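Colleague: Structure supplied as entry.cif; contents: mmCIF, C-alpha atoms; chains and numbers go by the auth columns.
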data_my_file
loop_
_atom_site.group_PDB
_atom_site.id
_atom_site.type_symbol
_atom_site.label_atom_id
_atom_site.label_comp_id
_atom_site.label_asym_id
_atom_site.label_seq_id
_atom_site.Cartn_x
_atom_site.Cartn_y
_atom_site.Cartn_z
_atom_site.B_iso_or_equiv
_atom_site.auth_seq_id
_atom_site.auth_asym_id
ATOM 1 C CA MET A 1 -98.661 34.472 -69.064 0.00 10 V
ATOM 2 C CA VAL A 2 -94.986 34.219 -68.177 0.00 11 V
ATOM 3 C CA TYR A 3 -95.769 35.513 -64.673 0.00 12 V
ATOM 4 C CA LYS A 4 -98.425 32.785 -64.183 0.00 13 V
ATOM 5 C CA SER A 5 -95.940 30.104 -65.331 0.00 14 V
ATOM 6 C CA ILE A 6 -93.355 31.310 -62.839 0.00 15 V
ATOM 7 C CA VAL A 7 -95.937 31.278 -60.044 0.00 16 V
ATOM 8 C CA PHE A 8 -97.029 27.762 -61.004 0.00 17 V
ATOM 9 C CA VAL A 9 -93.453 26.430 -61.008 0.00 18 V
ATOM 10 C CA ALA A 10 -92.706 28.130 -57.689 0.00 19 V
ATOM 11 C CA THR A 11 -95.825 26.616 -56.158 0.00 20 V
ATOM 12 C CA LEU A 12 -94.939 23.166 -57.499 0.00 21 V
ATOM 13 C CA VAL A 13 -91.397 23.350 -56.096 0.00 22 V
ATOM 14 C CA ALA A 14 -92.714 24.504 -52.731 0.00 23 V
ATOM 15 C CA GLY A 15 -95.098 21.572 -52.662 0.00 24 V
ATOM 16 C CA VAL A 16 -92.268 19.126 -53.426 0.00 25 V
ATOM 17 C CA LEU A 17 -90.170 20.629 -50.640 0.00 26 V
ATOM 18 C CA ILE A 18 -93.032 20.302 -48.184 0.00 27 V
ATOM 19 C CA TYR A 19 -93.451 16.613 -49.001 0.00 28 V
ATOM 20 C CA THR A 20 -89.702 16.064 -48.920 0.00 29 V
ATOM 21 C CA GLY A 21 -89.550 17.584 -45.458 0.00 30 V
ATOM 22 C CA ASN A 22 -92.326 15.395 -44.115 0.00 31 V
ATOM 23 C CA ALA A 23 -93.111 11.866 -45.246 0.00 32 V
ATOM 24 C CA TRP A 24 -91.686 11.579 -48.748 0.00 33 V
ATOM 25 C CA THR A 25 -87.970 11.966 -48.189 0.00 34 V
ATOM 26 C CA ALA A 26 -87.307 8.510 -49.612 0.00 35 V
ATOM 27 C CA ARG A 27 -89.217 5.360 -50.471 0.00 36 V
ATOM 28 C CA GLY A 28 -88.405 2.480 -48.149 0.00 37 V
ATOM 29 C CA CYS A 29 -87.519 4.836 -45.283 0.00 38 V
ATOM 30 C CA VAL A 30 -89.527 6.359 -42.441 0.00 39 V
ATOM 31 C CA ASP A 31 -89.051 9.958 -41.315 0.00 40 V
ATOM 32 C CA LEU A 32 -88.943 10.175 -37.526 0.00 41 V
ATOM 33 C CA ASP A 33 -88.813 13.065 -35.084 0.00 42 V
ATOM 34 C CA SER A 34 -88.461 13.604 -31.350 0.00 43 V
ATOM 35 C CA LEU A 35 -92.058 12.542 -30.709 0.00 44 V
ATOM 36 C CA THR A 36 -92.105 9.398 -32.836 0.00 45 V
ATOM 37 C CA PHE A 37 -88.543 8.047 -32.511 0.00 46 V
ATOM 38 C CA ASP A 38 -89.033 5.849 -29.442 0.00 47 V
ATOM 39 C CA LYS A 39 -92.554 4.752 -30.312 0.00 48 V
ATOM 40 C CA VAL A 40 -91.585 3.502 -33.759 0.00 49 V
ATOM 41 C CA THR A 41 -88.070 2.122 -33.332 0.00 50 V
ATOM 42 C CA ARG A 42 -88.995 0.053 -30.288 0.00 51 V
ATOM 43 C CA LYS A 43 -91.404 -1.939 -32.432 0.00 52 V
ATOM 44 C CA PHE A 44 -88.537 -3.240 -34.571 0.00 53 V
ATOM 45 C CA ARG A 45 -85.709 -5.568 -33.595 0.00 54 V
ATOM 46 C CA TYR A 46 -83.284 -3.349 -35.477 0.00 55 V
ATOM 47 C CA SER A 47 -83.444 0.208 -36.787 0.00 56 V
ATOM 48 C CA LEU A 48 -80.779 1.688 -39.037 0.00 57 V
ATOM 49 C CA VAL A 49 -81.074 5.428 -38.474 0.00 58 V
ATOM 50 C CA LYS A 50 -79.436 8.205 -40.470 0.00 59 V
ATOM 51 C CA PHE A 51 -79.082 11.546 -38.699 0.00 60 V
ATOM 52 C CA ASP A 52 -78.658 14.218 -41.342 0.00 61 V
ATOM 53 C CA THR A 53 -79.544 17.725 -42.376 0.00 62 V
ATOM 54 C CA ALA A 54 -83.222 18.635 -42.778 0.00 63 V
ATOM 55 C CA PHE A 55 -83.039 18.195 -46.559 0.00 64 V
ATOM 56 C CA PRO A 56 -80.462 15.460 -47.244 0.00 65 V
ATOM 57 C CA TYR A 57 -79.012 14.821 -50.686 0.00 66 V
ATOM 58 C CA GLY A 58 -75.902 13.447 -52.354 0.00 67 V
ATOM 59 C CA GLU A 59 -74.203 10.063 -52.748 0.00 68 V
ATOM 60 C CA LYS A 60 -74.305 9.114 -49.052 0.00 69 V
ATOM 61 C CA HIS A 61 -78.033 9.761 -48.848 0.00 70 V
ATOM 62 C CA GLU A 62 -78.596 7.777 -52.040 0.00 71 V
ATOM 63 C CA ALA A 63 -76.511 4.871 -50.742 0.00 72 V
ATOM 64 C CA PHE A 64 -78.667 4.686 -47.612 0.00 73 V
ATOM 65 C CA THR A 65 -82.012 5.019 -49.376 0.00 74 V
ATOM 66 C CA ASN A 66 -81.042 2.615 -52.183 0.00 75 V
ATOM 67 C CA LEU A 67 -80.194 -0.060 -49.625 0.00 76 V
ATOM 68 C CA ALA A 68 -83.516 0.565 -47.916 0.00 77 V
ATOM 69 C CA LEU A 69 -85.326 -0.094 -51.197 0.00 78 V
ATOM 70 C CA GLN A 70 -83.263 -3.212 -51.879 0.00 79 V
ATOM 71 C CA THR A 71 -83.976 -4.785 -48.478 0.00 80 V
ATOM 72 C CA VAL A 72 -87.469 -3.527 -47.615 0.00 81 V
ATOM 73 C CA ASP A 73 -89.094 -6.771 -48.785 0.00 82 V
ATOM 74 C CA THR A 74 -86.509 -9.142 -47.308 0.00 83 V
ATOM 75 C CA THR A 75 -87.285 -8.749 -43.592 0.00 84 V
ATOM 76 C CA ASP A 76 -89.871 -7.245 -41.258 0.00 85 V
ATOM 77 C CA ASP A 77 -87.326 -6.897 -38.456 0.00 86 V
ATOM 78 C CA LEU A 78 -85.311 -4.001 -39.884 0.00 87 V
ATOM 79 C CA LEU A 79 -86.423 -0.365 -40.137 0.00 88 V
ATOM 80 C CA PHE A 80 -84.633 2.283 -42.187 0.00 89 V
ATOM 81 C CA ALA A 81 -85.263 5.675 -40.609 0.00 90 V
ATOM 82 C CA LEU A 82 -84.264 9.279 -41.344 0.00 91 V
ATOM 83 C CA ILE A 83 -83.843 12.010 -38.756 0.00 92 V
ATOM 84 C CA GLY A 84 -83.594 15.511 -40.201 0.00 93 V
ATOM 85 C CA ILE A 85 -81.870 17.882 -37.805 0.00 94 V
ATOM 86 C CA LYS A 86 -82.511 21.594 -38.293 0.00 95 V
ATOM 87 C CA ASP A 87 -80.175 23.660 -36.114 0.00 96 V
ATOM 88 C CA TYR A 88 -81.885 26.885 -37.088 0.00 97 V
ATOM 89 C CA GLY A 89 -85.442 28.242 -36.961 0.00 98 V
ATOM 90 C CA ASP A 90 -87.621 25.705 -35.178 0.00 99 V
ATOM 91 C CA GLN A 91 -84.570 23.599 -34.171 0.00 100 V
ATOM 92 C CA ASP A 92 -86.290 20.401 -35.315 0.00 101 V
ATOM 93 C CA ASN A 93 -84.794 17.248 -33.753 0.00 102 V
ATOM 94 C CA VAL A 94 -81.856 19.088 -32.202 0.00 103 V
ATOM 95 C CA ASP A 95 -82.821 17.382 -28.947 0.00 104 V
ATOM 96 C CA LEU A 96 -82.459 13.963 -30.590 0.00 105 V
ATOM 97 C CA GLY A 97 -79.020 14.929 -31.843 0.00 106 V
ATOM 98 C CA GLN A 98 -78.022 15.968 -28.325 0.00 107 V
ATOM 99 C CA ARG A 99 -79.523 12.828 -26.804 0.00 108 V
ATOM 100 C CA PHE A 100 -77.334 10.571 -28.938 0.00 109 V
ATOM 101 C CA ASN A 101 -74.266 12.851 -29.041 0.00 110 V
ATOM 102 C CA ILE A 102 -74.521 13.277 -32.801 0.00 111 V
ATOM 103 C CA PRO A 103 -71.728 15.487 -34.189 0.00 112 V
ATOM 104 C CA LYS A 104 -72.547 18.000 -36.917 0.00 113 V
ATOM 105 C CA GLU A 105 -70.430 16.151 -39.476 0.00 114 V
ATOM 106 C CA TYR A 106 -73.536 14.686 -41.135 0.00 115 V
ATOM 107 C CA PRO A 107 -74.602 12.113 -41.962 0.00 116 V
ATOM 108 C CA VAL A 108 -74.216 9.964 -38.843 0.00 117 V
ATOM 109 C CA ILE A 109 -75.623 6.450 -39.142 0.00 118 V
ATOM 110 C CA MET A 110 -76.442 4.311 -36.118 0.00 119 V
ATOM 111 C CA LEU A 111 -77.922 0.873 -35.569 0.00 120 V
ATOM 112 C CA PHE A 112 -80.451 0.652 -32.736 0.00 121 V
ATOM 113 C CA MET A 113 -81.827 -2.490 -31.153 0.00 122 V
ATOM 114 C CA GLY A 114 -85.434 -2.592 -30.007 0.00 123 V
ATOM 115 C CA ASP A 115 -84.492 -1.933 -26.393 0.00 124 V
ATOM 116 C CA HIS A 116 -82.176 0.969 -27.373 0.00 125 V
ATOM 117 C CA THR A 117 -79.228 -0.457 -25.448 0.00 126 V
ATOM 118 C CA ASP A 118 -75.747 0.212 -26.783 0.00 127 V
ATOM 119 C CA PRO A 119 -76.478 1.560 -30.285 0.00 128 V
ATOM 120 C CA ILE A 120 -73.714 0.801 -32.762 0.00 129 V
ATOM 121 C CA ALA A 121 -72.217 3.620 -34.801 0.00 130 V
ATOM 122 C CA PHE A 122 -71.325 3.113 -38.451 0.00 131 V
ATOM 123 C CA PRO A 123 -67.544 3.783 -38.525 0.00 132 V
ATOM 124 C CA PRO A 124 -67.064 7.497 -39.367 0.00 133 V
ATOM 125 C CA ASP A 125 -63.884 6.756 -41.339 0.00 134 V
ATOM 126 C CA GLU A 126 -65.616 4.198 -43.565 0.00 135 V
ATOM 127 C CA PRO A 127 -67.135 5.369 -46.880 0.00 136 V
ATOM 128 C CA VAL A 128 -70.941 5.426 -46.801 0.00 137 V
ATOM 129 C CA THR A 129 -71.852 3.088 -49.646 0.00 138 V
ATOM 130 C CA SER A 130 -74.685 0.584 -49.980 0.00 139 V
ATOM 131 C CA GLU A 131 -72.168 -2.258 -49.916 0.00 140 V
ATOM 132 C CA ASN A 132 -70.461 -1.010 -46.741 0.00 141 V
ATOM 133 C CA LEU A 133 -73.830 -0.512 -45.061 0.00 142 V
ATOM 134 C CA ARG A 134 -74.756 -4.089 -45.972 0.00 143 V
ATOM 135 C CA LYS A 135 -71.529 -5.327 -44.416 0.00 144 V
ATOM 136 C CA PHE A 136 -72.163 -3.231 -41.317 0.00 145 V
ATOM 137 C CA LEU A 137 -75.597 -4.821 -40.890 0.00 146 V
ATOM 138 C CA LYS A 138 -74.213 -8.266 -41.591 0.00 147 V
ATOM 139 C CA ARG A 139 -71.529 -7.853 -38.932 0.00 148 V
ATOM 140 C CA ASN A 140 -73.837 -6.528 -36.245 0.00 149 V
ATOM 141 C CA THR A 141 -77.203 -8.260 -36.649 0.00 150 V
ATOM 142 C CA ASP A 142 -78.480 -11.800 -36.962 0.00 151 V
ATOM 143 C CA LEU A 143 -80.607 -10.841 -39.961 0.00 152 V
ATOM 144 C CA TYR A 144 -79.844 -12.219 -43.369 0.00 153 V
ATOM 145 C CA ILE A 145 -78.373 -9.304 -45.290 0.00 154 V
ATOM 146 C CA GLY A 146 -77.116 -10.825 -48.496 0.00 155 V
ATOM 147 C CA LEU A 147 -73.905 -9.401 -49.924 0.00 156 V
ATOM 148 C CA PRO A 148 -72.946 -9.644 -53.609 0.00 157 V
ATOM 149 C CA GLY A 149 -71.587 -13.118 -54.311 0.00 158 V
ATOM 150 C CA CYS A 150 -73.170 -14.685 -51.225 0.00 159 V
ATOM 151 C CA VAL A 151 -75.784 -17.431 -51.074 0.00 160 V
ATOM 152 C CA GLN A 152 -78.211 -17.535 -48.152 0.00 161 V
ATOM 153 C CA LYS A 153 -78.106 -21.322 -47.733 0.00 162 V
ATOM 154 C CA LEU A 154 -74.304 -21.299 -47.734 0.00 163 V
ATOM 155 C CA ASP A 155 -74.174 -18.345 -45.355 0.00 164 V
ATOM 156 C CA GLU A 156 -76.291 -20.358 -42.910 0.00 165 V
ATOM 157 C CA LEU A 157 -74.019 -23.379 -43.332 0.00 166 V
ATOM 158 C CA ALA A 158 -70.960 -21.170 -42.772 0.00 167 V
ATOM 159 C CA GLN A 159 -72.410 -20.021 -39.458 0.00 168 V
ATOM 160 C CA GLU A 160 -73.211 -23.623 -38.538 0.00 169 V
ATOM 161 C CA PHE A 161 -69.678 -24.626 -39.526 0.00 170 V
ATOM 162 C CA MET A 162 -68.105 -21.984 -37.295 0.00 171 V
ATOM 163 C CA SER A 163 -70.261 -23.084 -34.359 0.00 172 V
ATOM 164 C CA ALA A 164 -69.564 -26.806 -34.854 0.00 173 V
ATOM 165 C CA LYS A 165 -68.064 -28.533 -31.801 0.00 174 V
ATOM 166 C CA ASP A 166 -65.809 -31.049 -33.553 0.00 175 V
ATOM 167 C CA ALA A 167 -64.142 -31.984 -36.853 0.00 176 V
ATOM 168 C CA THR A 168 -66.726 -34.668 -37.605 0.00 177 V
ATOM 169 C CA GLU A 169 -69.504 -32.103 -37.640 0.00 178 V
ATOM 170 C CA ARG A 170 -67.452 -29.770 -39.826 0.00 179 V
ATOM 171 C CA HIS A 171 -66.723 -32.516 -42.352 0.00 180 V
ATOM 172 C CA ARG A 172 -70.462 -33.242 -42.510 0.00 181 V
ATOM 173 C CA ILE A 173 -71.150 -29.590 -43.351 0.00 182 V
ATOM 174 C CA ILE A 174 -68.396 -29.558 -45.982 0.00 183 V
ATOM 175 C CA ALA A 175 -69.998 -32.588 -47.611 0.00 184 V
ATOM 176 C CA GLU A 176 -73.356 -30.803 -47.612 0.00 185 V
ATOM 177 C CA VAL A 177 -71.829 -27.771 -49.342 0.00 186 V
ATOM 178 C CA GLU A 178 -70.183 -30.065 -51.887 0.00 187 V
ATOM 179 C CA ARG A 179 -73.550 -31.633 -52.679 0.00 188 V
ATOM 180 C CA ALA A 180 -75.173 -28.196 -52.970 0.00 189 V
ATOM 181 C CA ALA A 181 -72.431 -27.068 -55.364 0.00 190 V
ATOM 182 C CA TYR A 182 -72.864 -30.197 -57.484 0.00 191 V
ATOM 183 C CA HIS A 183 -76.644 -29.882 -57.760 0.00 192 V
ATOM 184 C CA THR A 184 -76.932 -26.102 -58.209 0.00 193 V
ATOM 185 C CA GLU A 185 -78.339 -25.050 -61.555 0.00 194 V
ATOM 186 C CA THR A 186 -77.723 -21.319 -61.222 0.00 195 V
ATOM 187 C CA GLU A 187 -75.538 -19.726 -63.858 0.00 196 V
ATOM 188 C CA ASP A 188 -75.118 -16.316 -62.251 0.00 197 V
ATOM 189 C CA ALA A 189 -72.164 -14.933 -60.287 0.00 198 V
ATOM 190 C CA THR A 190 -73.118 -16.852 -57.149 0.00 199 V
ATOM 191 C CA LYS A 191 -72.194 -20.166 -58.827 0.00 200 V
ATOM 192 C CA LYS A 192 -68.568 -19.059 -58.517 0.00 201 V
ATOM 193 C CA SER A 193 -69.073 -18.521 -54.794 0.00 202 V
ATOM 194 C CA TYR A 194 -69.529 -22.202 -53.925 0.00 203 V
ATOM 195 C CA PRO A 195 -65.792 -22.990 -54.328 0.00 204 V
ATOM 196 C CA MET A 196 -64.990 -19.983 -52.098 0.00 205 V
ATOM 197 C CA TYR A 197 -67.102 -21.341 -49.245 0.00 206 V
ATOM 198 C CA LEU A 198 -65.572 -24.791 -49.700 0.00 207 V
ATOM 199 C CA SER A 199 -62.014 -23.477 -49.875 0.00 208 V
ATOM 200 C CA LEU A 200 -62.400 -21.552 -46.626 0.00 209 V
ATOM 201 C CA MET A 201 -63.995 -24.494 -44.825 0.00 210 V
ATOM 202 C CA ARG A 202 -61.299 -26.924 -45.945 0.00 211 V
ATOM 203 C CA LYS A 203 -58.503 -24.546 -44.937 0.00 212 V
ATOM 204 C CA ILE A 204 -60.046 -23.943 -41.517 0.00 213 V
ATOM 205 C CA VAL A 205 -60.129 -27.710 -40.927 0.00 214 V
ATOM 206 C CA LYS A 206 -56.454 -28.015 -41.897 0.00 215 V
ATOM 207 C CA VAL A 207 -54.870 -25.019 -40.158 0.00 216 V
ATOM 208 C CA ASN A 208 -53.623 -25.325 -36.611 0.00 217 V
ATOM 209 C CA GLN A 209 -55.141 -22.102 -35.248 0.00 218 V
ATOM 210 C CA PRO A 210 -58.523 -20.801 -34.017 0.00 219 V
ATOM 211 C CA SER A 211 -61.067 -20.447 -36.826 0.00 220 V
ATOM 212 C CA ARG A 212 -61.752 -16.771 -36.203 0.00 221 V
ATOM 213 C CA ASP A 213 -58.035 -15.968 -36.235 0.00 222 V
ATOM 214 C CA PHE A 214 -57.686 -17.660 -39.614 0.00 223 V
ATOM 215 C CA ILE A 215 -60.642 -15.738 -41.071 0.00 224 V
ATOM 216 C CA SER A 216 -59.275 -12.463 -39.673 0.00 225 V
ATOM 217 C CA GLU A 217 -55.820 -13.075 -41.188 0.00 226 V
ATOM 218 C CA GLU A 218 -57.285 -14.154 -44.510 0.00 227 V
ATOM 219 C CA MET A 219 -59.455 -11.031 -44.567 0.00 228 V
ATOM 220 C CA LYS A 220 -56.401 -8.820 -44.035 0.00 229 V
ATOM 221 C CA ARG A 221 -54.512 -10.676 -46.770 0.00 230 V
ATOM 222 C CA VAL A 222 -57.303 -10.196 -49.312 0.00 231 V
ATOM 223 C CA GLU A 223 -57.796 -6.537 -48.350 0.00 232 V
ATOM 224 C CA LYS A 224 -54.071 -5.992 -48.904 0.00 233 V
ATOM 225 C CA LEU A 225 -54.379 -7.531 -52.368 0.00 234 V
ATOM 226 C CA LEU A 226 -57.363 -5.283 -53.123 0.00 235 V
ATOM 227 C CA ALA A 227 -55.185 -2.246 -52.453 0.00 236 V
ATOM 228 C CA GLU A 228 -52.918 -3.272 -55.334 0.00 237 V
ATOM 229 C CA LYS A 229 -53.446 -2.558 -59.013 0.00 238 V
ATOM 230 C CA LEU A 230 -55.735 -5.298 -60.325 0.00 239 V
ATOM 231 C CA SER A 231 -57.957 -6.007 -63.275 0.00 240 V
ATOM 232 C CA ASP A 232 -61.661 -5.333 -62.768 0.00 241 V
ATOM 233 C CA ALA A 233 -62.380 -9.063 -62.950 0.00 242 V
ATOM 234 C CA LYS A 234 -59.792 -9.939 -60.306 0.00 243 V
ATOM 235 C CA LYS A 235 -60.948 -7.130 -58.043 0.00 244 V
ATOM 236 C CA ALA A 236 -64.561 -8.317 -58.306 0.00 245 V
ATOM 237 C CA GLU A 237 -63.481 -11.883 -57.472 0.00 246 V
ATOM 238 C CA LEU A 238 -61.582 -10.734 -54.364 0.00 247 V
ATOM 239 C CA MET A 239 -64.474 -8.548 -53.236 0.00 248 V
ATOM 240 C CA TYR A 240 -66.787 -11.555 -53.508 0.00 249 V
ATOM 241 C CA ARG A 241 -64.288 -13.528 -51.425 0.00 250 V
ATOM 242 C CA THR A 242 -64.301 -10.781 -48.786 0.00 251 V
ATOM 243 C CA ASN A 243 -68.100 -10.884 -48.693 0.00 252 V
ATOM 244 C CA VAL A 244 -68.095 -14.666 -48.316 0.00 253 V
ATOM 245 C CA MET A 245 -65.587 -14.437 -45.449 0.00 254 V
ATOM 246 C CA LEU A 246 -67.952 -12.107 -43.610 0.00 255 V
ATOM 247 C CA SER A 247 -70.442 -14.988 -43.585 0.00 256 V
ATOM 248 C CA PHE A 248 -68.017 -16.901 -41.358 0.00 257 V
ATOM 249 C CA ASN A 249 -67.993 -14.206 -38.680 0.00 258 V
ATOM 250 C CA VAL A 250 -70.149 -15.282 -35.773 0.00 259 V
ATOM 251 C CA LEU A 251 -72.405 -12.544 -34.358 0.00 260 V
ATOM 252 C CA ASN A 252 -71.000 -10.918 -31.223 0.00 261 V
ATOM 253 C CA GLY A 253 -67.586 -12.281 -32.118 0.00 262 V
ATOM 254 C CA ALA A 254 -64.385 -10.525 -33.039 0.00 263 V
ATOM 255 C CA LEU A 255 -65.935 -7.509 -34.723 0.00 264 V
ATOM 256 C CA ASN A 256 -67.789 -6.039 -31.767 0.00 265 V
ATOM 257 C CA SER A 257 -65.176 -3.303 -31.454 0.00 266 V
ATOM 258 C CA GLU A 258 -67.596 -1.164 -33.469 0.00 267 V
ATOM 259 C CA ARG A 259 -70.061 -1.137 -30.585 0.00 268 V
ATOM 260 C CA THR A 260 -70.315 2.339 -29.107 0.00 269 V
ATOM 261 C CA GLU A 261 -71.989 3.053 -25.810 0.00 270 V
ATOM 262 C CA LEU A 262 -73.913 6.306 -25.581 0.00 271 V
#
Take the structure in the file and give it back as structure tokens.
Modeller:
Amino acid sequence: MVYKSIVFVATLVAGVLIYTGNAWTARGCVDLDSLTFDKVTRKFRYSLVKFDTAFPYGEKHEAFTNLALQTVDTTDDLLFALIGIKDYGDQDNVDLGQRFNIPKEYPVIMLFMGDHTDPIAFPPDEPVTSENLRKFLKRNTDLYIGLPGCVQKLDELAQEFMSAKDATERHRIIAEVERAAYHTETEDATKKSYPMYLSLMRKIVKVNQPSRDFISEEMKRVEKLLAEKLSDAKKAELMYRTNVMLSFNVLNGALNSERTEL
């Protein structure tokens, strides 16, 4: 009887491993290989691809797959894909790793556009967390990837504000944000974000320097404060402010230094 139980458990585990290695690695993600990579990713405007070991696990894998689950219903233009590289036995997907110069310090995460030109590498020195992956997508795509503390309508107005041609247009947008803040009925954390958007807009109008330079300097100032010893509440407030500031970065602007040509 004990022998039969052991056999049953072993068979069950083997079955789980088989599914894990094929199509059930993670909900919200698609497993790709050398034959399917181009066919599938070219059908999406953006594909966030994680190159990893054949059987990935751990906090970095969970951060990637959790974000996939959180965003799967928000857009049809973004694919989350997993590439399992097996550098032994059948050498599965080793050719894909060589094609994109993937080092063996897994995982390696890259953002591909539909035409596969100039994929962008997630910075290897940046911790792989769901929040950092969100910021990475926000910096490098024109998709709406909401960060904690951000409001989609205000993010769109922030982009419009940064693209405005004159002060009159910017004052009009500030007035629109003021009206939105006055009429909002939400009581969650995002209600506290309205003053952050307004504060940044008003300061940009006042300062005598390019808007992007101001945002960049303000970002550095807040990040320096975050490195200090702070209460949890203050740290959360500053992190929200950092997220809001990212909404003022215009796509293809100052942060394109992350772009890596392969």
Colleague: Mind dumping a table of every segment 159-182 of chain V residue within 9 Å of segment 200-222 of chain V, with the nearest atom pair and its distance in Å to one decimal, using only C-alpha atoms, sorted by chain and rising number, as JSON lines?
Modeller:
{"residue": "V:Cys159", "atom": "CA", "partner": "V:Ser202", "partner_atom": "CA", "distance": 6.7}
{"residue": "V:Val160", "atom": "CA", "partner": "V:Ser202", "partner_atom": "CA", "distance": 7.8}
{"residue": "V:Leu163", "atom": "CA", "partner": "V:Tyr206", "partner_atom": "CA", "distance": 7.4}
{"residue": "V:Asp164", "atom": "CA", "partner": "V:Tyr206", "partner_atom": "CA", "distance": 8.6}
{"residue": "V:Ala167", "atom": "CA", "partner": "V:Tyr206", "partner_atom": "CA", "distance": 7.5}
{"residue": "V:Phe170", "atom": "CA", "partner": "V:Met210", "partner_atom": "CA", "distance": 7.8}
{"residue": "V:Met171", "atom": "CA", "partner": "V:Ser220", "partner_atom": "CA", "distance": 7.2}
{"residue": "V:Ala176", "atom": "CA", "partner": "V:Val214", "partner_atom": "CA", "distance": 7.1}
{"residue": "V:Arg179", "atom": "CA", "partner": "V:Val214", "partner_atom": "CA", "distance": 7.7}
{"residue": "V:His180", "atom": "CA", "partner": "V:Val214", "partner_atom": "CA", "distance": 8.3}
{"residue": "V:Ile182", "atom": "CA", "partner": "V:Met210", "partner_atom": "CA", "distance": 8.9}
Colleague: Mind checking which residues fall within 10 Å of Pro116 of chain V, counting only C-alpha atoms, ignoring those fewer than 6 positions away in the same chain, and posting them as a PDB file with C-alpha atoms, keeping the file's coordinate frame?
Modeller:
ATOM      1  CA  VAL V  58     -81.074   5.428 -38.474  1.00  0.00           C
ATOM      2  CA  LYS V  59     -79.436   8.205 -40.470  1.00  0.00           C
ATOM      3  CA  PHE V  60     -79.082  11.546 -38.699  1.00  0.00           C
ATOM      4  CA  ASP V  61     -78.658  14.218 -41.342  1.00  0.00           C
ATOM      5  CA  THR V  62     -79.544  17.725 -42.376  1.00  0.00           C
ATOM      6  CA  PRO V  65     -80.462  15.460 -47.244  1.00  0.00           C
ATOM      7  CA  LYS V  69     -74.305   9.114 -49.052  1.00  0.00           C
ATOM      8  CA  HIS V  70     -78.033   9.761 -48.848  1.00  0.00           C
ATOM      9  CA  ILE V  92     -83.843  12.010 -38.756  1.00  0.00           C
ATOM     10  CA  GLY V  93     -83.594  15.511 -40.201  1.00  0.00           C
ATOM     11  CA  PRO V 133     -67.064   7.497 -39.367  1.00  0.00           C
ATOM     12  CA  VAL V 137     -70.941   5.426 -46.801  1.00  0.00           C
TER      13      VAL V 137
END
Colleague: Can you tell me how far atom CA of Ala63 of chain V sits from atom CA of Thr80 of chain V, in Å to one decimal?
Modeller: 24.1 Å
Colleague: Run through the PyMOL selection byres ((chain V and resi 225) around 10) on the given coordinates and return the selected residues as JSON, numbers by chain.
Modeller: {"V": [220, 221, 222, 223, 224, 226, 227, 228, 229, 230, 254, 255, 257, 258, 263, 264]}
Colleague: Between V:Ala72, V:Ile94, V:Leu235, V:Ala189, which is the closest to Pro112 of chain V once you count only C-alpha atoms?
Modeller: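 Under the stated criterion, the closest residue is V:Ile94.
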Colleague: Apply the PyMOL selection byres ((chain V and resi 152) around 10) to the structure shown and report the selected residues as a PyMOL selection string.
Modeller: chain V and resi 54-55+83-84+86-87+146-151+153-155
Colleague: Can you pull out the residues contacting Val39 of chain V? Cut-off 8 Å, using all atoms listed in the file, and skip same-chain residues under 4 positions away; I want them as a PDB file with C-alpha atoms, keeping the file's coordinate frame.
Modeller:
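out-v2.pdb was written with the following content:
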ATOM      1  CA  ALA V  32     -93.111  11.866 -45.246  1.00  0.00           C
ATOM      2  CA  ALA V  35     -87.307   8.510 -49.612  1.00  0.00           C
ATOM      3  CA  LEU V  88     -86.423  -0.365 -40.137  1.00  0.00           C
ATOM      4  CA  PHE V  89     -84.633   2.283 -42.187  1.00  0.00           C
ATOM      5  CA  ALA V  90     -85.263   5.675 -40.609  1.00  0.00           C
ATOM      6  CA  LEU V  91     -84.264   9.279 -41.344  1.00  0.00           C
TER       7      LEU V  91
END
Colleague: Please measure the separation of atom CA of Ser172 of chain V and atom CA of Phe53 of chain V, giving the value in Å to one decimal.
Modeller: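 Calculated distance between atom CA of Ser172 of chain V and atom CA of Phe53 of chain V is 27.0 Å.
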Colleague: Taking the file as shown, find all residues satisfying the PyMOL selection byres ((chain V and resi 120) around 8) and write them as an MDAnalysis selection string.
Modeller: chainID V and resid 55:58 118:119 121:122 128:131
Colleague: So that I have them on file, write out the residues from the current selection with C-alpha atoms, as a CSV table (one decimal), in the coordinates of the input.
Modeller:
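So out-v5.csv came out as:
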chain,number,residue,atom,x,y,z
V,55,TYR,CA,-83.3,-3.3,-35.5
V,56,SER,CA,-83.4,0.2,-36.8
V,57,LEU,CA,-80.8,1.7,-39.0
V,58,VAL,CA,-81.1,5.4,-38.5
V,118,ILE,CA,-75.6,6.4,-39.1
V,119,MET,CA,-76.4,4.3,-36.1
V,121,PHE,CA,-80.5,0.7,-32.7
V,122,MET,CA,-81.8,-2.5,-31.2
V,128,PRO,CA,-76.5,1.6,-30.3
V,129,ILE,CA,-73.7,0.8,-32.8
V,130,ALA,CA,-72.2,3.6,-34.8
V,131,PHE,CA,-71.3,3.1,-38.5
Colleague: What is the distance between atom CA of Pro132 of chain V and atom CA of Thr74 of chain V, in Å to one decimal?
Modeller: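 Taking atom CA of Pro132 of chain V as the start and atom CA of Thr74 of chain V as the end point, the length is 18.1 Å.
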Colleague: Would you kindly identify which residues have an atom no farther than 12 Å from (-77.7, 23.7, -36.7), using only C-alpha atoms and the file's own coordinates, and write them out as a list of chain:residue names?
Modeller: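 It turns out the residues near that spot are V:Asp61, V:Thr62, V:Ala63, V:Gly93, V:Ile94, V:Lys95, V:Asp96, V:Tyr97, V:Gly98, V:Asp99, V:Gln100, V:Asp101, V:Asn102, V:Val103, V:Asp104, V:Gly106, V:Gln107, V:Ile111, V:Pro112, V:Lys113, V:Glu114, V:Tyr115.
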Colleague: Would you mind telling me which residue in V:Gly158, V:His192, V:Asn75, V:Leu247 lies nearest to Lys233 of chain V when using all atoms listed in the file?
Modeller: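 Using all atoms listed in the file, the shortest distance to Lys233 of chain V belongs to V:Leu247.
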